[in-house]
Each structure stands twice: as structure tokens, then as C-alpha cells.
>>> print(open('protein_14.cif').read())   # mmCIF, C-alpha atoms
data_target
#
loop_
_atom_site.group_PDB
_atom_site.id
_atom_site.type_symbol
_atom_site.label_atom_id
_atom_site.label_comp_id
_atom_site.auth_asym_id
_atom_site.auth_seq_id
_atom_site.Cartn_x
_atom_site.Cartn_y
_atom_site.Cartn_z
ATOM 1 C CA MET A 930 19.189 7.408 -4.379
ATOM 2 C CA SER A 931 20.496 10.565 -2.721
ATOM 3 C CA ARG A 932 19.426 13.929 -4.058
ATOM 4 C CA SER A 933 21.555 17.042 -4.216
ATOM 5 C CA PRO A 934 20.210 20.307 -2.891
ATOM 6 C CA VAL A 935 18.998 23.101 -5.136
ATOM 7 C CA SER A 936 20.830 26.299 -4.346
ATOM 8 C CA CYS A 937 18.665 29.282 -3.512
ATOM 9 C CA GLY A 938 21.472 31.704 -3.956
ATOM 10 C CA THR A 939 21.898 34.726 -1.731
ATOM 11 C CA GLY A 940 19.947 37.898 -1.407
ATOM 12 C CA THR A 941 17.194 39.573 0.562
ATOM 13 C CA ARG A 942 13.543 38.705 0.611
ATOM 14 C CA ASP A 943 11.517 40.207 -2.213
ATOM 15 C CA THR A 944 8.787 42.771 -1.707
ATOM 16 C CA GLU A 945 6.464 41.547 -4.456
ATOM 17 C CA THR A 946 2.785 41.939 -3.864
ATOM 18 C CA PRO A 947 0.915 38.660 -3.215
ATOM 19 C CA GLU A 948 -0.762 38.608 -6.634
ATOM 20 C CA HIS A 949 2.657 38.155 -8.246
ATOM 21 C CA LEU A 950 3.352 35.049 -6.179
ATOM 22 C CA LYS A 951 2.221 31.534 -7.000
ATOM 23 C CA LEU A 952 1.764 29.818 -3.655
ATOM 24 C CA THR A 953 0.398 26.367 -2.807
ATOM 25 C CA ASP A 954 -1.000 25.157 0.520
ATOM 26 C CA THR A 955 -0.537 21.398 0.470
ATOM 27 C CA HIS A 956 -2.253 20.684 3.801
ATOM 28 C CA CYS A 957 -5.359 22.579 4.883
ATOM 29 C CA HIS A 958 -8.372 21.088 6.718
ATOM 30 C CA LEU A 959 -10.782 23.480 5.039
ATOM 31 C CA ASP A 960 -13.675 21.052 5.530
ATOM 32 C CA LEU A 961 -13.602 21.264 9.349
ATOM 33 C CA ASN A 962 -16.435 23.052 11.127
ATOM 34 C CA LYS A 963 -14.157 25.876 12.265
ATOM 35 C CA PHE A 964 -14.587 27.224 8.729
ATOM 36 C CA ASP A 965 -18.345 26.734 8.472
ATOM 37 C CA ALA A 966 -19.213 30.385 9.174
ATOM 38 C CA ASP A 967 -16.878 31.953 6.591
ATOM 39 C CA ARG A 968 -15.403 29.253 4.340
ATOM 40 C CA GLU A 969 -16.005 31.204 1.121
ATOM 41 C CA ALA A 970 -14.389 34.315 2.582
ATOM 42 C CA VAL A 971 -11.396 32.255 3.756
ATOM 43 C CA LEU A 972 -10.982 30.837 0.274
ATOM 44 C CA GLU A 973 -11.284 34.271 -1.306
ATOM 45 C CA ARG A 974 -8.571 35.650 1.005
ATOM 46 C CA ALA A 975 -6.337 32.756 0.004
ATOM 47 C CA ILE A 976 -6.848 33.489 -3.678
ATOM 48 C CA GLN A 977 -6.130 37.186 -3.105
ATOM 49 C CA ALA A 978 -2.926 36.201 -1.277
ATOM 50 C CA GLY A 979 -1.748 34.297 -4.355
ATOM 51 C CA VAL A 980 -2.632 30.759 -3.260
ATOM 52 C CA GLY A 981 -3.408 28.876 -6.455
ATOM 53 C CA ARG A 982 -4.038 25.389 -5.045
ATOM 54 C CA ILE A 983 -5.076 23.919 -1.711
ATOM 55 C CA LEU A 984 -5.015 20.254 -0.717
ATOM 56 C CA ILE A 985 -7.642 19.106 1.807
ATOM 57 C CA PRO A 986 -6.559 15.925 3.645
ATOM 58 C CA ALA A 987 -9.199 13.708 5.240
ATOM 59 C CA LEU A 988 -9.117 12.285 8.763
ATOM 60 C CA THR A 989 -11.840 9.621 8.634
ATOM 61 C CA LEU A 990 -13.963 7.756 6.112
ATOM 62 C CA PRO A 991 -16.826 10.310 6.413
ATOM 63 C CA SER A 992 -14.415 13.239 6.109
ATOM 64 C CA SER A 993 -12.923 11.597 3.018
ATOM 65 C CA ARG A 994 -16.312 12.066 1.409
ATOM 66 C CA SER A 995 -16.662 15.645 2.669
ATOM 67 C CA ALA A 996 -13.146 16.583 1.538
ATOM 68 C CA LEU A 997 -13.919 15.270 -1.942
ATOM 69 C CA LYS A 998 -17.245 17.107 -2.073
ATOM 70 C CA LEU A 999 -15.614 20.378 -1.034
ATOM 71 C CA SER A 1000 -12.781 19.938 -3.540
ATOM 72 C CA GLN A 1001 -15.336 19.554 -6.323
ATOM 73 C CA SER A 1002 -16.825 22.965 -5.507
ATOM 74 C CA HIS A 1003 -13.782 25.041 -6.500
ATOM 75 C CA PRO A 1004 -11.071 24.644 -9.154
ATOM 76 C CA GLN A 1005 -8.370 25.578 -6.609
ATOM 77 C CA LEU A 1006 -9.225 22.716 -4.262
ATOM 78 C CA TYR A 1007 -8.043 19.086 -4.253
ATOM 79 C CA ALA A 1008 -8.516 16.221 -1.795
ATOM 80 C CA ALA A 1009 -6.580 13.429 -0.121
ATOM 81 C CA ILE A 1010 -8.608 10.618 1.416
ATOM 82 C CA GLY A 1011 -7.767 8.246 4.236
ATOM 83 C CA VAL A 1012 -7.955 7.490 7.958
ATOM 84 C CA HIS A 1013 -5.760 9.398 10.427
ATOM 85 C CA PRO A 1014 -3.801 7.289 12.949
ATOM 86 C CA THR A 1015 -5.715 8.724 15.905
ATOM 87 C CA GLU A 1016 -8.870 7.379 14.203
ATOM 88 C CA ALA A 1017 -7.395 3.910 13.652
ATOM 89 C CA GLU A 1018 -10.027 2.252 15.833
ATOM 90 C CA THR A 1019 -12.683 3.294 13.297
ATOM 91 C CA TRP A 1020 -11.008 1.056 10.691
ATOM 92 C CA ARG A 1021 -13.092 -1.939 9.666
ATOM 93 C CA GLU A 1022 -12.601 -4.867 7.334
ATOM 94 C CA GLY A 1023 -14.381 -3.036 4.528
ATOM 95 C CA THR A 1024 -12.850 0.428 5.017
ATOM 96 C CA ARG A 1025 -10.149 -0.042 2.378
ATOM 97 C CA ASN A 1026 -12.781 -1.052 -0.200
ATOM 98 C CA LYS A 1027 -14.902 1.966 0.744
ATOM 99 C CA LEU A 1028 -11.966 4.321 0.270
ATOM 100 C CA ARG A 1029 -11.260 2.741 -3.109
ATOM 101 C CA ALA A 1030 -14.921 3.153 -4.058
ATOM 102 C CA ILE A 1031 -14.824 6.886 -3.232
ATOM 103 C CA ILE A 1032 -11.962 7.290 -5.695
ATOM 104 C CA LEU A 1033 -13.544 5.192 -8.431
ATOM 105 C CA GLU A 1034 -16.978 6.758 -8.069
ATOM 106 C CA SER A 1035 -15.504 10.267 -8.132
ATOM 107 C CA GLY A 1036 -13.967 9.687 -11.541
ATOM 108 C CA SER A 1037 -10.458 9.602 -10.048
ATOM 109 C CA PHE A 1038 -9.667 6.314 -11.717
ATOM 110 C CA PRO A 1039 -6.260 4.708 -11.218
ATOM 111 C CA PRO A 1040 -3.863 6.089 -13.845
ATOM 112 C CA THR A 1041 -2.382 3.886 -16.517
ATOM 113 C CA HIS A 1042 0.967 2.445 -15.473
ATOM 114 C CA GLY A 1043 3.594 5.116 -15.898
ATOM 115 C CA GLN A 1044 1.151 7.989 -16.286
ATOM 116 C CA ALA A 1045 -0.023 10.705 -13.905
ATOM 117 C CA PRO A 1046 -3.690 10.894 -12.867
ATOM 118 C CA ALA A 1047 -6.065 12.577 -15.307
ATOM 119 C CA LEU A 1048 -6.502 16.331 -15.145
ATOM 120 C CA GLN A 1049 -10.083 16.118 -13.906
ATOM 121 C CA ASN A 1050 -9.143 14.039 -10.889
ATOM 122 C CA LYS A 1051 -9.790 15.758 -7.581
ATOM 123 C CA ILE A 1052 -8.381 13.023 -5.333
ATOM 124 C CA VAL A 1053 -4.614 13.317 -5.694
ATOM 125 C CA ALA A 1054 -3.307 11.458 -2.616
ATOM 126 C CA ILE A 1055 -4.037 9.020 0.191
ATOM 127 C CA GLY A 1056 -3.930 10.863 3.500
ATOM 128 C CA GLU A 1057 -3.722 11.987 6.194
ATOM 129 C CA ILE A 1058 -2.336 8.636 7.322
ATOM 130 C CA GLY A 1059 0.568 7.569 9.522
ATOM 131 C CA LEU A 1060 1.453 7.025 13.175
ATOM 132 C CA ASP A 1061 0.714 9.088 16.281
ATOM 133 C CA TYR A 1062 2.326 8.074 19.581
ATOM 134 C CA TYR A 1063 1.645 11.477 21.183
ATOM 135 C CA ARG A 1064 -2.041 10.971 21.967
ATOM 136 C CA ASP A 1065 -2.104 7.164 22.171
ATOM 137 C CA ALA A 1066 -5.659 7.298 20.824
ATOM 138 C CA ALA A 1067 -5.203 3.830 19.293
ATOM 139 C CA PRO A 1068 -2.822 0.925 20.004
ATOM 140 C CA HIS A 1069 0.455 1.283 18.163
ATOM 141 C CA ASP A 1070 0.201 -2.107 16.465
ATOM 142 C CA LEU A 1071 -3.282 -1.223 15.173
ATOM 143 C CA GLN A 1072 -2.019 2.114 13.845
ATOM 144 C CA GLN A 1073 0.756 0.300 12.005
ATOM 145 C CA GLU A 1074 -1.630 -2.193 10.416
ATOM 146 C CA VAL A 1075 -4.023 0.558 9.302
ATOM 147 C CA LEU A 1076 -1.083 2.478 7.835
ATOM 148 C CA LYS A 1077 0.100 -0.586 5.905
ATOM 149 C CA GLU A 1078 -3.420 -1.159 4.541
ATOM 150 C CA GLN A 1079 -3.545 2.389 3.219
ATOM 151 C CA LEU A 1080 -0.033 2.260 1.798
ATOM 152 C CA ALA A 1081 -1.111 -0.828 -0.126
ATOM 153 C CA LEU A 1082 -4.127 1.078 -1.445
ATOM 154 C CA ALA A 1083 -1.879 3.957 -2.490
ATOM 155 C CA ALA A 1084 0.389 1.559 -4.381
ATOM 156 C CA GLU A 1085 -2.588 -0.052 -6.067
ATOM 157 C CA LEU A 1086 -4.064 3.270 -7.207
ATOM 158 C CA GLN A 1087 -0.718 4.969 -7.901
ATOM 159 C CA LEU A 1088 -1.437 7.828 -5.509
ATOM 160 C CA PRO A 1089 1.196 9.445 -3.248
ATOM 161 C CA VAL A 1090 0.660 9.521 0.508
ATOM 162 C CA VAL A 1091 0.389 12.325 3.060
ATOM 163 C CA ILE A 1092 2.105 11.016 6.194
ATOM 164 C CA HIS A 1093 1.430 12.182 9.760
ATOM 165 C CA PHE A 1094 3.814 11.283 12.564
ATOM 166 C CA ARG A 1095 4.045 12.585 16.113
ATOM 167 C CA GLU A 1096 6.283 11.357 18.905
ATOM 168 C CA LYS A 1097 5.449 10.882 22.553
ATOM 169 C CA GLY A 1098 6.039 14.205 24.289
ATOM 170 C CA ASP A 1099 6.602 15.890 20.897
ATOM 171 C CA ALA A 1100 10.199 14.652 20.881
ATOM 172 C CA SER A 1101 12.150 15.016 17.647
ATOM 173 C CA GLY A 1102 12.965 11.307 17.623
ATOM 174 C CA GLY A 1103 11.772 8.082 19.171
ATOM 175 C CA ASP A 1104 9.739 4.932 18.595
ATOM 176 C CA CYS A 1105 7.218 6.630 16.308
ATOM 177 C CA SER A 1106 9.905 7.784 13.886
ATOM 178 C CA LEU A 1107 11.675 4.428 14.000
ATOM 179 C CA ASP A 1108 8.486 2.440 13.375
ATOM 180 C CA LEU A 1109 7.355 4.803 10.619
ATOM 181 C CA MET A 1110 10.638 4.754 8.705
ATOM 182 C CA LYS A 1111 10.817 0.963 8.903
ATOM 183 C CA ILE A 1112 7.350 0.720 7.341
ATOM 184 C CA LEU A 1113 8.022 3.368 4.693
ATOM 185 C CA ASP A 1114 11.391 1.854 3.796
ATOM 186 C CA ALA A 1115 9.763 -1.529 3.148
ATOM 187 C CA TRP A 1116 6.921 0.075 1.175
ATOM 188 C CA VAL A 1117 9.196 2.097 -1.092
ATOM 189 C CA ALA A 1118 11.454 -0.932 -1.597
ATOM 190 C CA GLY A 1119 8.398 -2.808 -2.847
ATOM 191 C CA LEU A 1120 7.486 0.036 -5.211
ATOM 192 C CA ARG A 1121 11.010 -0.017 -6.617
ATOM 193 C CA ARG A 1122 11.002 -3.798 -7.070
ATOM 194 C CA GLU A 1123 7.746 -3.491 -9.016
ATOM 195 C CA LYS A 1124 9.215 -0.585 -11.013
ATOM 196 C CA SER A 1125 6.200 1.465 -9.985
ATOM 197 C CA PRO A 1126 6.257 5.120 -11.143
ATOM 198 C CA LEU A 1127 5.035 5.975 -7.649
ATOM 199 C CA ALA A 1128 8.542 5.170 -6.368
ATOM 200 C CA ASP A 1129 9.660 8.531 -7.795
ATOM 201 C CA ARG A 1130 6.976 10.459 -5.880
ATOM 202 C CA PRO A 1131 5.868 8.360 -2.894
ATOM 203 C CA GLY A 1132 4.567 11.211 -0.764
ATOM 204 C CA VAL A 1133 5.208 13.862 1.868
ATOM 205 C CA LEU A 1134 5.999 13.742 5.580
ATOM 206 C CA HIS A 1135 3.523 16.312 6.827
ATOM 207 C CA SER A 1136 4.641 19.089 9.207
ATOM 208 C CA PHE A 1137 8.068 17.514 9.544
ATOM 209 C CA SER A 1138 9.328 17.661 13.127
ATOM 210 C CA GLY A 1139 11.931 14.907 13.100
ATOM 211 C CA THR A 1140 15.713 14.928 13.163
ATOM 212 C CA LEU A 1141 18.010 15.853 10.300
ATOM 213 C CA GLU A 1142 19.017 12.188 10.129
ATOM 214 C CA MET A 1143 15.373 11.188 9.638
ATOM 215 C CA ALA A 1144 14.909 13.964 7.071
ATOM 216 C CA ARG A 1145 17.823 12.658 5.016
ATOM 217 C CA ALA A 1146 16.496 9.098 5.214
ATOM 218 C CA ALA A 1147 13.083 10.292 4.005
ATOM 219 C CA LEU A 1148 14.665 12.266 1.156
ATOM 220 C CA ASN A 1149 16.598 9.171 0.083
ATOM 221 C CA LEU A 1150 13.275 7.321 -0.138
ATOM 222 C CA GLY A 1151 11.956 10.058 -2.430
ATOM 223 C CA PHE A 1152 9.688 11.817 0.058
ATOM 224 C CA TYR A 1153 9.013 15.520 0.282
ATOM 225 C CA LEU A 1154 8.985 17.287 3.666
ATOM 226 C CA GLY A 1155 6.186 19.619 4.753
ATOM 227 C CA VAL A 1156 6.985 22.899 6.516
ATOM 228 C CA THR A 1157 4.321 24.518 8.722
ATOM 229 C CA GLY A 1158 3.777 27.529 10.986
ATOM 230 C CA PRO A 1159 6.131 26.534 13.852
ATOM 231 C CA ILE A 1160 9.093 27.544 11.689
ATOM 232 C CA THR A 1161 7.973 31.149 12.317
ATOM 233 C CA PHE A 1162 7.760 30.843 16.112
ATOM 234 C CA GLU A 1163 10.230 32.603 18.398
ATOM 235 C CA ASN A 1164 11.232 29.182 19.764
ATOM 236 C CA GLY A 1165 11.437 27.660 16.271
ATOM 237 C CA GLN A 1166 15.208 27.877 15.847
ATOM 238 C CA SER A 1167 15.706 24.111 15.621
ATOM 239 C CA ARG A 1168 13.141 23.852 12.810
ATOM 240 C CA GLN A 1169 14.696 26.828 11.058
ATOM 241 C CA GLU A 1170 18.123 25.205 11.168
ATOM 242 C CA LEU A 1171 16.715 21.934 9.852
ATOM 243 C CA VAL A 1172 14.887 23.625 6.940
ATOM 244 C CA ALA A 1173 18.048 25.571 6.070
ATOM 245 C CA ALA A 1174 19.798 22.219 5.634
ATOM 246 C CA LEU A 1175 17.150 20.814 3.275
ATOM 247 C CA PRO A 1176 17.167 20.977 -0.537
ATOM 248 C CA LEU A 1177 14.528 23.460 -1.697
ATOM 249 C CA ASP A 1178 13.323 21.027 -4.359
ATOM 250 C CA ARG A 1179 12.043 18.648 -1.654
ATOM 251 C CA ILE A 1180 10.075 21.131 0.490
ATOM 252 C CA LEU A 1181 6.313 21.714 0.532
ATOM 253 C CA ILE A 1182 4.524 24.535 2.361
ATOM 254 C CA GLU A 1183 1.545 23.590 4.532
ATOM 255 C CA THR A 1184 -0.634 25.659 6.844
ATOM 256 C CA ASP A 1185 -2.366 22.683 8.530
ATOM 257 C CA ALA A 1186 -5.209 25.180 9.006
ATOM 258 C CA PRO A 1187 -7.112 25.681 11.248
ATOM 259 C CA PHE A 1188 -4.166 24.516 13.392
ATOM 260 C CA LEU A 1189 -0.570 25.765 13.810
ATOM 261 C CA ALA A 1190 -1.125 29.399 12.829
ATOM 262 C CA PRO A 1191 2.204 31.113 12.083
ATOM 263 C CA HIS A 1192 3.509 34.182 13.890
ATOM 264 C CA PRO A 1193 1.989 36.772 14.415
ATOM 265 C CA HIS A 1194 -1.281 34.782 14.450
ATOM 266 C CA ARG A 1195 -0.076 32.048 16.793
ATOM 267 C CA GLY A 1196 -2.879 30.744 19.003
ATOM 268 C CA LYS A 1197 -5.594 31.918 16.636
ATOM 269 C CA ARG A 1198 -7.391 30.079 13.838
ATOM 270 C CA ASN A 1199 -5.057 29.418 10.953
ATOM 271 C CA GLU A 1200 -6.106 29.820 7.314
ATOM 272 C CA PRO A 1201 -4.531 29.216 3.900
ATOM 273 C CA SER A 1202 -3.803 32.888 3.172
ATOM 274 C CA TYR A 1203 -1.132 32.687 5.904
ATOM 275 C CA VAL A 1204 0.965 30.411 3.710
ATOM 276 C CA ARG A 1205 2.849 33.548 2.633
ATOM 277 C CA LEU A 1206 4.193 33.978 6.180
ATOM 278 C CA ILE A 1207 5.706 30.489 6.053
ATOM 279 C CA ALA A 1208 7.219 31.181 2.626
ATOM 280 C CA ASP A 1209 8.725 34.416 3.970
ATOM 281 C CA LYS A 1210 10.411 32.575 6.845
ATOM 282 C CA ILE A 1211 11.743 29.811 4.589
ATOM 283 C CA ALA A 1212 13.203 32.501 2.326
ATOM 284 C CA LEU A 1213 14.871 34.153 5.296
ATOM 285 C CA VAL A 1214 16.481 30.987 6.669
ATOM 286 C CA CYS A 1215 17.510 29.793 3.183
ATOM 287 C CA SER A 1216 18.919 33.188 2.124
ATOM 288 C CA CYS A 1217 16.730 33.507 -0.944
ATOM 289 C CA THR A 1218 13.576 35.359 -2.000
ATOM 290 C CA THR A 1219 9.963 34.588 -1.220
ATOM 291 C CA ASP A 1220 9.310 34.401 -4.958
ATOM 292 C CA GLN A 1221 11.944 31.660 -5.316
ATOM 293 C CA VAL A 1222 10.398 29.729 -2.434
ATOM 294 C CA ALA A 1223 6.875 30.137 -3.814
ATOM 295 C CA LYS A 1224 7.859 28.958 -7.281
ATOM 296 C CA ALA A 1225 9.958 26.036 -6.068
ATOM 297 C CA THR A 1226 7.430 24.718 -3.551
ATOM 298 C CA SER A 1227 4.538 25.052 -6.001
ATOM 299 C CA GLU A 1228 6.529 23.132 -8.599
ATOM 300 C CA ASN A 1229 7.318 20.497 -5.970
ATOM 301 C CA ALA A 1230 3.610 20.125 -5.208
ATOM 302 C CA LYS A 1231 2.822 19.858 -8.905
ATOM 303 C CA ARG A 1232 5.355 17.056 -9.328
ATOM 304 C CA LEU A 1233 4.131 15.176 -6.287
ATOM 305 C CA PHE A 1234 0.378 15.453 -6.768
ATOM 306 C CA ALA A 1235 0.345 15.543 -10.593
ATOM 307 C CA TRP A 1236 -2.505 18.010 -10.672
ATOM 308 C CA GLU A 1237 -1.416 19.518 -13.957
#
>>> encode(input="protein_14.cif", output="C-alpha cells")
Amino acid sequence: MSRSPVSCGTGTRDTETPEHLKLTDTHCHLDLNKFDADREAVLERAIQAGVGRILIPALTLPSSRSALKLSQSHPQLYAAIGVHPTEAETWREGTRNKLRAIILESGSFPPTHGQAPALQNKIVAIGEIGLDYYRDAAPHDLQQEVLKEQLALAAELQLPVVIHFREKGDASGGDCSLDLMKILDAWVAGLRREKSPLADRPGVLHSFSGTLEMARAALNLGFYLGVTGPITFENGQSRQELVAALPLDRILIETDAPFLAPHPHRGKRNEPSYVRLIADKIALVCSCTTDQVAKATSENAKRLFAWE
């Protein structure tokens, strides 16, 4: 089903202080060792900047456990668990059962059919999963099989997915996009046949770098699109034009910290407090206010991850 855009209206960016904003960082690797020396200070800066919730996506089975543990230490933090495509060769016959066990043992039990996960649940998605043809760290057919295994787990547990995809040479289109959309199209079709409530909120394409055609196909499947720091770069015009063409009610803001720091911090360690810089740029290219962007994207995250 196609979705019509939400108009942002016209106007200049607001000058509200951060504490008046309600921002959400839906992709932040806060568990990585680059934050070991000052993780609490990083989190405090995020809170002071108006970031109310942060999602920590896992990359491996061990990091799924660490992401959950970290999320349980603060009310602002939530976790996604799964195996990243560049780690596909770590997948074993029992990995899917181990991921399921992490969810069940954490108290994040599968919701009743038609209902969102319980309020106390800290695991709100399966991710970061997907395909990566940039690094070729694992055979493409293996990546696809591992992705399908985790999509099946997501359907079983009624959890949305956080999807990574990266083309060879960082192209905007190619085999990775084609293979991914074929898999996601079949998965969502299955959800719809089963009348699964997950069909209305299947997931997000993280740090979207594809074509407008791919974006529209993903939107028609019900996916949200993640916007990261490169939209603020001096050479980010193509991403700015793409975001300007997207409906605001299907956008999420992600830092991908400690990676992809936005301007003027490009090349340095990223952190969740910088989410405001991404919101500012989205507001500029969409001709609306930062407050409108903050409210809309936080509501989008709430709908997708059902954390309230």
C-alpha cells in the first residue's frame, strides 16, 4: 500500500534550546569499546541534548548479550539483537535458538498476536542484520541465508528488523539492493498472508543510501528509512535531495555512533548528542522546523519499536 507524505509546511528552523526537544537516536553502538572510557558522560550529554531514547543494535551473538545488558542499565536505552552480515560466518546451526533464548530469558517474551511488546521489554527489534557487498567479509549466498533465518525469527517473535545494506564501491544501487529487496518483498508478503501485525511495522532500512526508486519500494513494504550524519556533509547533496522527497512520517534519525559523525565533527568519534545536528539538516532540506522533525521522528520510532 502506498503512503502519502506528511507535509512539514514552510518556515525557518526553530531556535529552541535542546531541553525543549524530544529527540530519539534509533541506531547507536553505545556498547562498543570506543565508549568504554566515558560512556556515562556520553549518555549524560545525550540526555542534556534532549535525546529521550537510544537504540543499541548488536553485531554478533556476544554483542547481543552486551547490548541487552547495557540497555538494562538505563531507562533511556533499548536493544536490538542479531548478527551483522559481515559477521555471517560466525552463524551456526544453533545461533537462531540462542538469539531466541536471549529474548525469552530477558523477559522480552513474544507479544500476544495483535499486541505490542510489553512495556518492560528492552529488546525491541532484531538487528543489525542485512547484506553487505562492500566488504565481502562473507559469501553473498551465506549472508542471504543468515538474513532469512533472522527475518524468520523476527516474524516468530513479532519484532521489527533493523536492516543494514551496503553496495560494492558504495554505489547507490546494485546487486546488494536488488537481492535485499527481493528477500524483504517475499518476507513482507508472507507477513501479510498470515495477517501478522508486524506487516504494519516491519522495520527500518538503516542509514539509507539507496536510490529514490528503492526508497519508494521500501516505503510501500511499510519500512521506515534511517537518516544519518552524511546528510550534513558538504558532498551530501544527493542524500539531501532524497530525504526532501521522503514523507516525514517514515523517517528515523540515527547517529550510527561512534561512526558517521555529522558536520562539523566529521572524522571524529560520533555520539548520540549529535542527533540534533541531523535533525537540523533534515529541517533545512524539508523546509520545516527542528521541533517538527524531532517530534515526528520520535513518534515514528515509538510506532516502530512499540516502546511505549
>>> closest_residue(input="protein_14.cif", among="A:Ala987, A:Ile1032, A:Ile1055, A:Leu1150", to="Phe1234 of chain A", atoms="all atoms listed in the file")
A:Ile1055
>>> residues_around(input="protein_14.cif", residues="Ser1138 of chain A", least_positions_apart="5", cutoff="9 Å", atoms="all atoms listed in the file", output="number ranges by chain")
A: 1094-1095, 1099-1102, 1156, 1168
>>> closest_residue(input="protein_14.cif", among="A:Arg994, A:Lys1231, A:Lys1197, A:Lys1097", to="Leu1181 of chain A", atoms="all atoms listed in the file")
A:Lys1231
>>> atom_distance(input="protein_14.cif", atom1="atom CA of Asp1220 of chain A", atom2="atom CA of Gln1166 of chain A")
22.6 Å
>>> closest_residue(input="protein_14.cif", among="A:Thr1161, A:Ser1136, A:Ser1000, A:Thr989", to="Val1053 of chain A", atoms="only C-alpha atoms")
A:Ser1000
>>> atom_distance(input="protein_14.cif", atom1="atom CA of Glu1016 of chain A", atom2="atom CA of Ser993 of chain A")
12.6 Å
>>> atom_distance(input="protein_14.cif", atom1="atom CA of Gly1139 of chain A", atom2="atom CA of Glu1170 of chain A")
12.2 Å
>>> resolve_selection(input="protein_14.cif", expression="the PyMOL selection byres ((chain A and resi 1075) around 9)", output="PDB file with C-alpha atoms, keeping the file's coordinate frame")
ATOM      1  CA  VAL A1012      -7.955   7.490   7.958  1.00  0.00           C
ATOM      2  CA  PRO A1014      -3.801   7.289  12.949  1.00  0.00           C
ATOM      3  CA  ALA A1017      -7.395   3.910  13.652  1.00  0.00           C
ATOM      4  CA  TRP A1020     -11.008   1.056  10.691  1.00  0.00           C
ATOM      5  CA  ILE A1058      -2.336   8.636   7.322  1.00  0.00           C
ATOM      6  CA  GLY A1059       0.568   7.569   9.522  1.00  0.00           C
ATOM      7  CA  ASP A1070       0.201  -2.107  16.465  1.00  0.00           C
ATOM      8  CA  LEU A1071      -3.282  -1.223  15.173  1.00  0.00           C
ATOM      9  CA  GLN A1072      -2.019   2.114  13.845  1.00  0.00           C
ATOM     10  CA  GLN A1073       0.756   0.300  12.005  1.00  0.00           C
ATOM     11  CA  GLU A1074      -1.630  -2.193  10.416  1.00  0.00           C
ATOM     12  CA  LEU A1076      -1.083   2.478   7.835  1.00  0.00           C
ATOM     13  CA  LYS A1077       0.100  -0.586   5.905  1.00  0.00           C
ATOM     14  CA  GLU A1078      -3.420  -1.159   4.541  1.00  0.00           C
ATOM     15  CA  GLN A1079      -3.545   2.389   3.219  1.00  0.00           C
ATOM     16  CA  LEU A1080      -0.033   2.260   1.798  1.00  0.00           C
TER      17      LEU A1080
END
>>> axis_aligned_box(input="protein_14.cif", around="segment 1149-1158 of chain A", padding_each_side="6 Å", output="JSON")
{"center_x": 10.2, "center_y": 17.4, "center_z": 4.3, "size_x": 24.8, "size_y": 32.2, "size_z": 25.4}
>>> residues_around(input="protein_14.cif", residues="Ala996 of chain A", least_positions_apart="3", cutoff="8 Å", atoms="all atoms listed in the file", output="list in words")
Asp960, Ile985, Pro986, Ala987, Ser992, Ser993, Leu999, Ser1000, Ala1008, Ala1009 and Ile1010 of chain A
>>> closest_residue(input="protein_14.cif", among="A:Leu1177, A:Ala1146, A:Leu1082, A:Leu984", to="Leu1107 of chain A", atoms="only C-alpha atoms")
A:Ala1146
